[in-house]
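The structure appears below as structure tokens.
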Amino acid sequence: MIDKIVASVADALADVKDGSTVLIGGFGTSGIPSELIDGLIAQGAKDLTVVNNNAGNGDTGLAALLKAGRVRKIICSFPRQADSHVFDALYRSGKLELELVPQGNLAERIRAAGAGIGAFFCPTAYGTELAKGKETREINGRHYVLEYPIHGDVALIKAEAGDRWGNLTYRKAARNFGPVMATAARQTIATVHELRELGELDPEAIVTPGIHVSKIVRIERIATQAGGFKQAA
């Protein structure tokens, strides 16, 4: 019997190893798997390469993981914002490596990993510092940059509902990078707010099929205000 439900966040993260590339879903504070990030801090894996759209907000979530000194390199498209002081301090002091990737390129490089694509040409970043050292080519009169897939050892994503086979649905904007990251990692761990019986999820509404998911763990629903600040549900 296939049953991917685990009892706790700690159980879900037990196999994450030092030096792993960790894909973390979320766009700003929307869809950030905060419980899994906190669990990863407690688990102790270090020397990580983290892939996320951002580089953390305030002192919680991804910023807390950076502050704990567990991350060697971050690959993202939007590292700096008003409250990215943890990233700023680490990067300016040379304690954190940054690979800056345009947002569309980031999504497509992750999607390419899941689709088995070896590399692809993209026009974004041609003629800029981000294309320095990369192969370029003119195709039909337009200039392109060769980009390579981003594969993950682990993907941490936040979903809305799931069943014991690992089928997932998402809630609105919280969907963002979750579906492509789930396909691009050797192991995908997802949190859900609701556990459904097999067959209860409409097959036409399932966004991430269970074949891409290794473990799911149920978490409580916590209401948030603007900026991701938590309050009692």
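We label chains A, B, ... in the order they appear in the structure tokens, count residues from 1 in each chain, and number ligands from 1 in the order shown.
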
Sorted by chain and rising residue number, list the residues of region 148-216 of chain A at most 7 Å from region 104-111 of chain A (counting only C-alpha atoms), each with its closest atom pair and distance in Å to one decimal, as a Markdown table.
```
| residue | atom | partner | partner_atom | distance |
| --- | --- | --- | --- | --- |
| A:Tyr148 | CA | A:Arg109 | CA | 6.2 |
| A:Pro149 | CA | A:Arg109 | CA | 4.3 |
| A:Ile150 | CA | A:Ile110 | CA | 5.0 |
| A:His151 | CA | A:Ile110 | CA | 6.7 |
| A:Val180 | CA | A:Arg111 | CA | 5.1 |
| A:Met181 | CA | A:Ile110 | CA | 6.3 |
| A:Ala184 | CA | A:Ile110 | CA | 6.1 |
```

List as a tab-separated table (two decimals) with N, CA, C and O atoms, in the first residue's frame the protein and nucleic acid residues near Ala45 (chain A), meaning an atom at most 8 Å away when only C-alpha atoms are counted, but skip any in the same chain fewer than 2 places from it.
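Heads up, here's the output in result36.tsv:
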```tsv
chain	number	residue	atom	x	y	z
A	16	VAL	N	17.71	14.48	4.76
A	16	VAL	CA	18.41	15.58	4.08
A	16	VAL	C	19.87	15.60	4.53
A	16	VAL	O	20.17	15.60	5.72
A	17	LYS	N	20.78	15.60	3.56
A	17	LYS	CA	22.21	15.48	3.85
A	17	LYS	C	22.94	16.81	3.71
A	17	LYS	O	22.49	17.71	2.98
A	18	ASP	N	24.08	16.93	4.38
A	18	ASP	CA	24.95	18.08	4.20
A	18	ASP	C	25.32	18.22	2.73
A	18	ASP	O	25.54	17.22	2.04
A	19	GLY	N	25.41	19.45	2.25
A	19	GLY	CA	25.82	19.69	0.87
A	19	GLY	C	24.70	19.55	-0.15
A	19	GLY	O	24.95	19.66	-1.35
A	40	LEU	N	14.19	22.11	8.96
A	40	LEU	CA	15.52	21.91	8.39
A	40	LEU	C	16.59	22.54	9.28
A	40	LEU	O	17.67	21.98	9.45
A	41	ILE	N	16.27	23.67	9.87
A	41	ILE	CA	17.20	24.29	10.83
A	41	ILE	C	17.42	23.35	12.01
A	41	ILE	O	18.56	23.10	12.43
A	43	GLN	N	16.98	20.14	12.04
A	43	GLN	CA	17.59	18.89	11.58
A	43	GLN	C	19.10	18.98	11.50
A	43	GLN	O	19.81	18.01	11.73
A	47	ASP	N	25.96	23.45	4.75
A	47	ASP	CA	26.66	23.59	3.47
A	47	ASP	C	25.67	23.42	2.31
A	47	ASP	O	25.98	22.80	1.29
A	48	LEU	N	24.49	23.97	2.47
A	48	LEU	CA	23.42	23.79	1.49
A	48	LEU	C	23.50	24.81	0.36
A	48	LEU	O	23.97	25.93	0.54
A	70	ARG	N	23.66	27.81	7.64
A	70	ARG	CA	23.53	26.50	7.01
A	70	ARG	C	23.67	26.54	5.48
A	70	ARG	O	23.77	25.51	4.85
```

Pull the closest atom pair for each residue of region 41-150 of chain A that gets at most 12 Å from region 156-166 of chain A, along with the distance in Å to one decimal, counting only C-alpha atoms, ordering rows by chain and then ascending residue number, as a tab-separated table.
```
residue	atom	partner	partner_atom	distance
A:Val50	CA	A:Leu156	CA	10.4
A:Val51	CA	A:Leu156	CA	10.2
A:Asn52	CA	A:Leu156	CA	10.2
A:Leu62	CA	A:Leu156	CA	11.5
```

Write the residues you've just listed into a file as a PDB file, in the first residue's frame, and include C-alpha atoms for each of them.
```
ATOM      1  CA  VAL A  50      19.272  26.871  -1.715  1.00  0.00           C
ATOM      2  CA  VAL A  51      17.125  27.741  -4.720  1.00  0.00           C
ATOM      3  CA  ASN A  52      14.254  30.161  -4.131  1.00  0.00           C
ATOM      4  CA  LEU A  62      14.534  31.311   4.700  1.00  0.00           C
TER       5      LEU A  62
END
```

Separation of CA of Ile2 (chain A) from CA of Ile219 (chain A) in Å: 20.6 Å

Of the candidates A:Gly133, A:Gly28, A:Pro209, A:Gly199, which one gets nearest to Gln81 (chain A) if we count only C-alpha atoms?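 Counting only C-alpha atoms, the residue closest to Gln81 (chain A) is A:Gly28.
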
Would you compute the distance between CA of Gly39 (chain A) and CA of Asp11 (chain A)? Give it in Å to one decimal.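 If I compute the distance from CA of Gly39 (chain A) to CA of Asp11 (chain A), I get 9.5 Å.
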
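Per DSSP on the backbone, strand (DSSP E) in region 185-229 of chain A comprises Ala185, Arg186, Gln187, Thr188, Ile189, Ala190, Thr191, Val192, Glu194, Leu195, Lys215, Ile216, Val217, Arg218, Ala223 and Thr224 of chain A.
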
Write out, as a compact mmCIF listing (two decimals), in the first residue's frame, the residues just selected, with all heavy atoms.
```
# COMPACT_ATOMS: atom_id res chain seq x y z
N ALA A 185 13.37 17.57 -8.36
CA ALA A 185 14.19 17.09 -7.24
C ALA A 185 14.11 15.57 -7.11
O ALA A 185 13.12 14.95 -7.47
CB ALA A 185 13.73 17.74 -5.94
N ARG A 186 15.18 15.00 -6.58
CA ARG A 186 15.19 13.56 -6.32
C ARG A 186 14.17 13.18 -5.24
O ARG A 186 13.60 12.10 -5.26
CB ARG A 186 16.59 13.11 -5.88
CG ARG A 186 17.65 13.22 -6.96
CD ARG A 186 18.98 12.65 -6.48
NE ARG A 186 19.99 12.72 -7.52
CZ ARG A 186 20.81 13.75 -7.71
NH1 ARG A 186 20.72 14.80 -6.89
NH2 ARG A 186 21.69 13.75 -8.68
N GLN A 187 13.96 14.09 -4.30
CA GLN A 187 13.01 13.86 -3.22
C GLN A 187 12.20 15.13 -2.99
O GLN A 187 12.77 16.21 -2.82
CB GLN A 187 13.75 13.48 -1.92
CG GLN A 187 12.84 13.27 -0.75
CD GLN A 187 13.57 12.93 0.55
OE1 GLN A 187 12.98 12.43 1.49
NE2 GLN A 187 14.86 13.21 0.61
N THR A 188 10.89 15.02 -3.00
CA THR A 188 10.02 16.17 -2.76
C THR A 188 9.24 15.95 -1.48
O THR A 188 8.59 14.92 -1.30
CB THR A 188 9.05 16.39 -3.93
OG1 THR A 188 9.79 16.77 -5.10
CG2 THR A 188 8.05 17.49 -3.62
N ILE A 189 9.32 16.94 -0.60
CA ILE A 189 8.61 16.91 0.67
C ILE A 189 7.62 18.06 0.67
O ILE A 189 7.98 19.21 0.41
CB ILE A 189 9.59 17.05 1.85
CG1 ILE A 189 10.63 15.94 1.82
CG2 ILE A 189 8.83 17.05 3.18
CD1 ILE A 189 11.80 16.15 2.75
N ALA A 190 6.36 17.76 0.94
CA ALA A 190 5.31 18.77 0.90
C ALA A 190 4.54 18.81 2.21
O ALA A 190 4.26 17.78 2.81
CB ALA A 190 4.34 18.49 -0.25
N THR A 191 4.20 20.03 2.64
CA THR A 191 3.25 20.18 3.73
C THR A 191 1.87 20.41 3.13
O THR A 191 1.74 21.00 2.05
CB THR A 191 3.61 21.36 4.66
OG1 THR A 191 3.64 22.58 3.89
CG2 THR A 191 4.95 21.14 5.32
N VAL A 192 0.85 19.95 3.83
CA VAL A 192 -0.53 20.18 3.42
C VAL A 192 -1.33 20.59 4.66
O VAL A 192 -1.01 20.19 5.77
CB VAL A 192 -1.17 18.94 2.76
CG1 VAL A 192 -0.44 18.57 1.48
CG2 VAL A 192 -1.21 17.76 3.72
N GLU A 194 -4.70 19.99 4.55
CA GLU A 194 -5.80 19.03 4.55
C GLU A 194 -5.35 17.71 3.95
O GLU A 194 -4.71 17.68 2.89
CB GLU A 194 -6.98 19.57 3.75
CG GLU A 194 -7.55 20.88 4.27
CD GLU A 194 -8.64 21.43 3.38
OE1 GLU A 194 -9.11 20.69 2.48
OE2 GLU A 194 -9.04 22.60 3.58
N LEU A 195 -5.69 16.61 4.63
CA LEU A 195 -5.45 15.27 4.10
C LEU A 195 -6.77 14.72 3.59
O LEU A 195 -7.77 14.73 4.31
CB LEU A 195 -4.87 14.35 5.19
CG LEU A 195 -3.42 14.62 5.60
CD1 LEU A 195 -3.05 13.77 6.81
CD2 LEU A 195 -2.48 14.32 4.43
N LYS A 215 7.19 12.55 0.29
CA LYS A 215 6.59 12.57 1.62
C LYS A 215 5.67 13.77 1.75
O LYS A 215 5.94 14.84 1.20
CB LYS A 215 7.67 12.66 2.70
CG LYS A 215 8.69 11.54 2.70
CD LYS A 215 9.79 11.81 3.72
CE LYS A 215 10.89 10.76 3.66
NZ LYS A 215 11.99 11.06 4.62
N ILE A 216 4.58 13.59 2.49
CA ILE A 216 3.74 14.73 2.83
C ILE A 216 3.48 14.70 4.33
O ILE A 216 3.42 13.63 4.95
CB ILE A 216 2.41 14.77 2.04
CG1 ILE A 216 1.51 13.57 2.40
CG2 ILE A 216 2.66 14.79 0.56
CD1 ILE A 216 0.13 13.71 1.80
N VAL A 217 3.34 15.87 4.90
CA VAL A 217 3.08 15.99 6.34
C VAL A 217 2.04 17.07 6.55
O VAL A 217 2.09 18.14 5.93
CB VAL A 217 4.39 16.30 7.11
CG1 VAL A 217 5.05 17.57 6.61
CG2 VAL A 217 4.13 16.39 8.60
N ARG A 218 1.07 16.78 7.38
CA ARG A 218 0.01 17.75 7.64
C ARG A 218 0.47 18.76 8.67
O ARG A 218 1.11 18.42 9.67
CB ARG A 218 -1.25 17.06 8.15
CG ARG A 218 -2.42 18.00 8.36
CD ARG A 218 -3.63 17.31 8.94
NE ARG A 218 -4.67 18.27 9.23
CZ ARG A 218 -4.74 19.01 10.35
NH1 ARG A 218 -3.80 18.87 11.28
NH2 ARG A 218 -5.72 19.87 10.54
N ALA A 223 -3.14 31.74 10.15
CA ALA A 223 -3.50 32.94 9.39
C ALA A 223 -2.32 33.90 9.39
O ALA A 223 -1.57 34.00 10.35
CB ALA A 223 -4.72 33.60 10.01
N THR A 224 -2.15 34.63 8.29
CA THR A 224 -1.10 35.63 8.21
C THR A 224 -1.67 36.96 7.78
O THR A 224 -2.70 37.03 7.09
CB THR A 224 0.01 35.23 7.21
OG1 THR A 224 -0.59 35.05 5.92
CG2 THR A 224 0.69 33.94 7.64
```

Which parts of region 45-164 of chain A does DSSP call helix (DSSP H, G or I) when run on the backbone here, written out as an MDAnalysis selection string? chainID A and resid 62:67 85:92 103:115 129:131

Counting only C-alpha atoms, the residue of A:Glu99, A:Glu147, A:Asp3, A:Asp153 that sits nearest Glu197 (chain A):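 Of A:Glu99, A:Glu147, A:Asp3, A:Asp153, the one nearest Glu197 (chain A) is A:Asp3, counting only C-alpha atoms.
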
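Our summary of the geometry notes that CA of Lys132 (chain A) is positioned 9.6 Å from CA of Val145 (chain A).
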
Need the shell around Val101 (chain A): protein/DNA/RNA residues with any atom at most 8 Å away, counting only C-alpha atoms. Skip same-chain ones fewer than 5 positions apart. Format as number ranges by chain? A: 75-77, 106, 130

Selected residues written out with N, CA, C and O atoms, as a compact mmCIF listing (two decimals), in the first residue's frame:
```
# COMPACT_ATOMS: atom_id res chain seq x y z
N ILE A 75 20.67 30.53 -4.99
CA ILE A 75 20.34 30.80 -6.39
C ILE A 75 18.94 31.40 -6.39
O ILE A 75 17.98 30.74 -5.98
N CYS A 76 18.81 32.65 -6.81
CA CYS A 76 17.51 33.30 -6.75
C CYS A 76 17.45 34.44 -7.76
O CYS A 76 18.44 34.79 -8.39
N SER A 77 16.25 35.02 -7.89
CA SER A 77 16.08 36.11 -8.85
C SER A 77 15.89 37.46 -8.18
O SER A 77 16.04 38.50 -8.81
N LEU A 106 14.82 31.36 -14.08
CA LEU A 106 14.84 30.49 -12.91
C LEU A 106 13.74 29.44 -13.00
O LEU A 106 14.00 28.23 -12.81
N LEU A 130 24.98 39.09 -16.51
CA LEU A 130 24.47 37.76 -16.19
C LEU A 130 24.78 36.75 -17.29
O LEU A 130 24.71 35.54 -17.06
```

Test item: residues at most 8 Å from Ala55 (chain A), only C-alpha atoms, excluding those fewer than 5 positions along its chain, as a PDB file with C-alpha atoms, in the first residue's frame:
```
ATOM      1  CA  LEU A  62      14.534  31.311   4.700  1.00  0.00           C
ATOM      2  CA  ALA A  63      16.212  34.270   6.412  1.00  0.00           C
ATOM      3  CA  ILE A  74      21.764  30.813  -2.864  1.00  0.00           C
ATOM      4  CA  CYS A  76      17.511  33.305  -6.751  1.00  0.00           C
ATOM      5  CA  PHE A  78      15.229  38.746  -6.234  1.00  0.00           C
ATOM      6  CA  PRO A  79      17.652  38.688  -3.298  1.00  0.00           C
ATOM      7  CA  ARG A  80      17.298  42.251  -1.991  1.00  0.00           C
ATOM      8  CA  SER A  84      16.508  41.338   3.504  1.00  0.00           C
ATOM      9  CA  PHE A  87      21.075  38.169   3.209  1.00  0.00           C
TER      10      PHE A  87
END
```

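Of the listed residues (A:Leu100, A:Leu168, A:Ala89, A:Ile206), A:Leu100 comes nearest to Glu129 (chain A); the distances count only C-alpha atoms.
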
Within 9 Å of Ser30 (chain A), counting only C-alpha atoms, which residues qualify if same-chain residues fewer than 6 places away don't, as number ranges by chain? A: 173-176, 228
